[in-house]
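Worksheet: the structure to be examined is printed underneath.
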Amino acid sequence: MMNLDWGMILEATIDTLLMTGFSLLFTVIIGLPVGVLLFLTSPGQVIENRSLYQGVAFVVNVLRSVPFLILLIVMIPLSRVLVGTALGVQGSIPPLVASAAPFFARLVENVLRELDPGVSEACRAMGATSRQTVLWALLPEATTGILSAVVVTCIALVGYSAMSGVIGGGGLGDLAVRYGYQRYQGDVMAVTVVILVIMVQVFQIVGDRWVAKLNRR
(Lines give C-alpha, C1' and ligand atoms only; values in the text may rest on other atoms or scores of the structure.)
Protein backbone atom coordinates (compact mmCIF):
# COMPACT_ATOMS: atom_id res chain seq x y z
CA MET A 1 0.00 0.00 0.00
CA MET A 2 1.40 3.39 -0.99
CA ASN A 3 1.68 6.38 1.28
CA LEU A 4 -1.43 8.52 1.08
CA ASP A 5 -1.20 12.21 0.33
CA TRP A 6 -3.69 13.46 2.93
CA GLY A 7 -3.31 17.05 1.77
CA MET A 8 -4.48 16.04 -1.69
CA ILE A 9 -7.35 14.03 -0.21
CA LEU A 10 -8.39 16.97 1.98
CA GLU A 11 -8.36 19.31 -1.04
CA ALA A 12 -10.45 16.85 -3.04
CA THR A 13 -12.93 16.54 -0.16
CA ILE A 14 -13.28 20.33 0.05
CA ASP A 15 -13.79 20.49 -3.71
CA THR A 16 -16.57 17.89 -3.47
CA LEU A 17 -18.26 19.85 -0.68
CA LEU A 18 -18.00 23.06 -2.73
CA MET A 19 -19.45 21.37 -5.82
CA THR A 20 -22.28 19.88 -3.79
CA GLY A 21 -23.01 23.09 -1.88
CA PHE A 22 -23.07 25.50 -4.82
CA SER A 23 -24.91 23.02 -7.04
CA LEU A 24 -27.53 22.47 -4.33
CA LEU A 25 -27.99 26.22 -3.92
CA PHE A 26 -28.63 26.77 -7.63
CA THR A 27 -30.72 23.60 -7.84
CA VAL A 28 -33.09 24.92 -5.16
CA ILE A 29 -33.18 28.40 -6.70
CA ILE A 30 -34.18 26.95 -10.08
CA GLY A 31 -36.02 23.78 -9.09
CA LEU A 32 -38.32 25.23 -6.43
CA PRO A 33 -40.14 27.71 -8.71
CA VAL A 34 -40.26 25.15 -11.51
CA GLY A 35 -41.84 22.62 -9.15
CA VAL A 36 -44.37 25.18 -7.94
CA LEU A 37 -45.15 26.10 -11.56
CA LEU A 38 -45.71 22.44 -12.45
CA PHE A 39 -48.11 22.09 -9.54
CA LEU A 40 -50.06 25.30 -10.16
CA THR A 41 -50.50 24.71 -13.90
CA SER A 42 -51.47 21.05 -13.59
CA PRO A 43 -55.11 20.01 -14.16
CA GLY A 44 -57.48 21.16 -11.42
CA GLN A 45 -55.10 23.64 -9.80
CA VAL A 46 -55.17 27.42 -9.31
CA ILE A 47 -53.79 28.51 -12.69
CA GLU A 48 -54.45 25.38 -14.72
CA ASN A 49 -52.73 25.67 -18.10
CA ARG A 50 -52.40 22.39 -19.97
CA SER A 51 -50.05 23.72 -22.68
CA LEU A 52 -47.66 25.36 -20.21
CA TYR A 53 -47.72 22.33 -17.93
CA GLN A 54 -46.98 19.91 -20.75
CA GLY A 55 -44.19 22.13 -22.10
CA VAL A 56 -42.42 22.49 -18.74
CA ALA A 57 -43.00 18.81 -17.91
CA PHE A 58 -41.48 17.79 -21.25
CA VAL A 59 -38.28 19.76 -20.60
CA VAL A 60 -38.05 18.38 -17.06
CA ASN A 61 -38.57 14.81 -18.24
CA VAL A 62 -35.99 15.15 -21.02
CA LEU A 63 -33.32 16.41 -18.63
CA ARG A 64 -34.17 13.71 -16.10
CA SER A 65 -33.95 10.97 -18.72
CA VAL A 66 -30.43 11.84 -19.90
CA PRO A 67 -27.78 9.84 -17.96
CA PHE A 68 -25.54 12.18 -15.97
CA LEU A 69 -22.31 11.06 -17.63
CA ILE A 70 -23.75 11.85 -21.06
CA LEU A 71 -25.05 15.20 -19.80
CA LEU A 72 -21.56 16.02 -18.51
CA ILE A 73 -20.08 15.53 -21.97
CA VAL A 74 -22.93 17.21 -23.88
CA MET A 75 -22.76 20.31 -21.68
CA ILE A 76 -19.00 20.89 -22.02
CA PRO A 77 -19.45 23.75 -24.55
CA LEU A 78 -22.23 25.35 -22.48
CA SER A 79 -20.18 25.06 -19.28
CA ARG A 80 -17.33 26.89 -20.99
CA VAL A 81 -19.72 29.68 -21.98
CA LEU A 82 -21.34 29.95 -18.55
CA VAL A 83 -18.33 29.65 -16.23
CA GLY A 84 -15.34 29.84 -18.56
CA THR A 85 -14.24 26.22 -18.16
CA ALA A 86 -15.55 22.66 -18.33
CA LEU A 87 -13.04 21.35 -15.79
CA GLY A 88 -12.71 21.49 -12.02
CA VAL A 89 -15.29 22.61 -9.50
CA GLN A 90 -16.61 25.48 -11.64
CA GLY A 91 -16.98 23.38 -14.78
CA SER A 92 -18.93 20.69 -12.92
CA ILE A 93 -21.60 22.96 -11.46
CA PRO A 94 -23.68 23.63 -14.65
CA PRO A 95 -24.24 19.93 -15.50
CA LEU A 96 -24.82 19.12 -11.84
CA VAL A 97 -27.55 21.77 -11.66
CA ALA A 98 -29.01 20.75 -15.04
CA SER A 99 -29.33 17.19 -13.78
CA ALA A 100 -30.51 17.87 -10.22
CA ALA A 101 -32.91 20.81 -10.76
CA PRO A 102 -35.50 18.80 -12.75
CA PHE A 103 -35.27 16.00 -10.17
CA PHE A 104 -35.83 18.46 -7.33
CA ALA A 105 -38.67 20.18 -9.23
CA ARG A 106 -40.55 16.89 -9.49
CA LEU A 107 -40.03 16.25 -5.78
CA VAL A 108 -41.45 19.69 -4.96
CA GLU A 109 -44.44 19.08 -7.24
CA ASN A 110 -45.15 15.77 -5.49
CA VAL A 111 -44.84 17.36 -2.05
CA LEU A 112 -47.37 20.06 -2.99
CA ARG A 113 -49.76 17.45 -4.41
CA GLU A 114 -49.79 15.68 -1.06
CA LEU A 115 -51.10 18.77 0.75
CA ASP A 116 -54.73 18.98 1.78
CA PRO A 117 -56.66 20.48 -1.19
CA GLY A 118 -58.64 22.49 1.34
CA VAL A 119 -55.63 24.79 1.85
CA SER A 120 -55.82 26.12 -1.71
CA GLU A 121 -59.61 26.22 -1.65
CA ALA A 122 -59.65 28.25 1.58
CA CYS A 123 -57.19 30.77 0.12
CA ARG A 124 -59.26 31.03 -3.04
CA ALA A 125 -62.44 31.60 -1.00
CA MET A 126 -60.73 34.47 0.85
CA GLY A 127 -59.79 36.11 -2.45
CA ALA A 128 -56.06 35.41 -2.22
CA THR A 129 -54.05 35.67 -5.44
CA SER A 130 -52.01 32.76 -6.77
CA ARG A 131 -48.83 34.36 -5.44
CA GLN A 132 -50.33 34.89 -1.99
CA THR A 133 -51.62 31.32 -1.94
CA VAL A 134 -48.16 29.97 -2.72
CA LEU A 135 -46.17 32.22 -0.36
CA TRP A 136 -48.58 32.35 2.58
CA ALA A 137 -50.16 28.89 2.52
CA LEU A 138 -48.68 26.23 0.24
CA LEU A 139 -44.95 26.71 0.87
CA PRO A 140 -45.30 27.09 4.66
CA GLU A 141 -47.46 23.95 4.78
CA ALA A 142 -44.97 22.05 2.61
CA THR A 143 -41.82 23.18 4.45
CA THR A 144 -40.91 19.82 5.97
CA GLY A 145 -41.60 17.95 2.73
CA ILE A 146 -39.52 20.40 0.71
CA LEU A 147 -36.68 20.15 3.24
CA SER A 148 -36.77 16.37 2.90
CA ALA A 149 -36.57 16.83 -0.87
CA VAL A 150 -33.53 19.08 -0.39
CA VAL A 151 -31.81 16.37 1.66
CA VAL A 152 -32.53 13.71 -0.98
CA THR A 153 -31.25 16.02 -3.73
CA CYS A 154 -28.12 16.86 -1.74
CA ILE A 155 -27.26 13.18 -1.40
CA ALA A 156 -27.88 12.63 -5.13
CA LEU A 157 -25.53 15.54 -5.89
CA VAL A 158 -22.74 13.91 -3.85
CA GLY A 159 -22.97 10.91 -6.17
CA TYR A 160 -23.18 13.08 -9.27
CA SER A 161 -20.15 15.12 -8.18
CA ALA A 162 -18.13 11.91 -7.85
CA MET A 163 -19.11 10.93 -11.41
CA SER A 164 -17.88 14.27 -12.73
CA GLY A 165 -14.35 13.06 -12.01
CA VAL A 166 -14.55 11.01 -15.21
CA ILE A 167 -14.03 14.20 -17.26
CA GLY A 168 -11.73 15.96 -14.81
CA GLY A 169 -14.45 17.55 -12.74
CA GLY A 170 -12.34 17.69 -9.61
CA GLY A 171 -13.16 16.48 -6.13
CA LEU A 172 -13.09 12.94 -4.78
CA GLY A 173 -14.37 11.44 -8.02
CA ASP A 174 -11.48 12.92 -9.99
CA LEU A 175 -9.05 11.68 -7.34
CA ALA A 176 -10.50 8.17 -7.51
CA VAL A 177 -10.27 8.08 -11.31
CA ARG A 178 -6.77 9.58 -11.69
CA TYR A 179 -5.08 7.77 -8.82
CA GLY A 180 -7.31 4.93 -7.71
CA TYR A 181 -8.21 3.67 -11.19
CA GLN A 182 -5.62 4.91 -13.69
CA ARG A 183 -2.61 4.44 -11.37
CA TYR A 184 -3.95 1.35 -9.59
CA GLN A 185 -3.70 2.94 -6.12
CA GLY A 186 -6.30 0.90 -4.28
CA ASP A 187 -5.71 2.75 -1.03
CA VAL A 188 -6.72 6.05 -2.62
CA MET A 189 -9.85 4.45 -4.07
CA ALA A 190 -10.76 2.95 -0.70
CA VAL A 191 -10.29 6.25 1.17
CA THR A 192 -12.38 8.22 -1.34
CA VAL A 193 -15.21 5.67 -1.06
CA VAL A 194 -15.13 5.82 2.75
CA ILE A 195 -15.17 9.65 2.73
CA LEU A 196 -18.12 9.70 0.31
CA VAL A 197 -20.05 7.21 2.46
CA ILE A 198 -19.37 9.26 5.60
CA MET A 199 -20.39 12.44 3.79
CA VAL A 200 -23.72 10.94 2.71
CA GLN A 201 -24.41 9.58 6.19
CA VAL A 202 -23.72 12.96 7.81
CA PHE A 203 -25.97 14.80 5.35
CA GLN A 204 -28.75 12.26 5.90
CA ILE A 205 -28.54 12.37 9.71
CA VAL A 206 -28.40 16.16 9.86
CA GLY A 207 -31.25 16.46 7.35
CA ASP A 208 -33.44 13.94 9.20
CA ARG A 209 -32.91 15.76 12.50
CA TRP A 210 -33.74 19.10 10.91
CA VAL A 211 -36.95 17.69 9.41
CA ALA A 212 -37.90 16.09 12.74
CA LYS A 213 -37.30 19.39 14.55
CA LEU A 214 -39.58 21.24 12.13
CA ASN A 215 -42.27 18.56 12.48
CA ARG A 216 -42.31 18.98 16.26
CA ARG A 217 -43.05 22.65 15.78
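Ordering of the C-alpha coordinates sets the chain letters (A, B, ...), residue numbers begin anew at 1 in every chain, and ligands are numbered from 1 in the order given.
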
TODO: Would you list, as a PyMOL selection string, the residues of stretch 3-208 of chain A that end up in alpha helix (DSSP H) under DSSP run on this structure's backbone?
DONE: chain A and resi 6-41+50-65+68-74+76-83+88-113+117-125+130-133+139-141+143-163+171-175+186-208

Task: Neighbour list for A:Gly44 as a VMD selection string, cut-off 12 Å, only C-alpha atoms, skip fewer than 4 positions in-chain - done: chain A and resid 38 to 40 48 to 50 53 113 117 120 to 121

Open item on the list: Quick one: residues within 10 Å of stretch 157-162 of chain A, only C-alpha atoms, excluding same-chain residues fewer than 2 positions away - as a count of residues only?
Closed with: 45
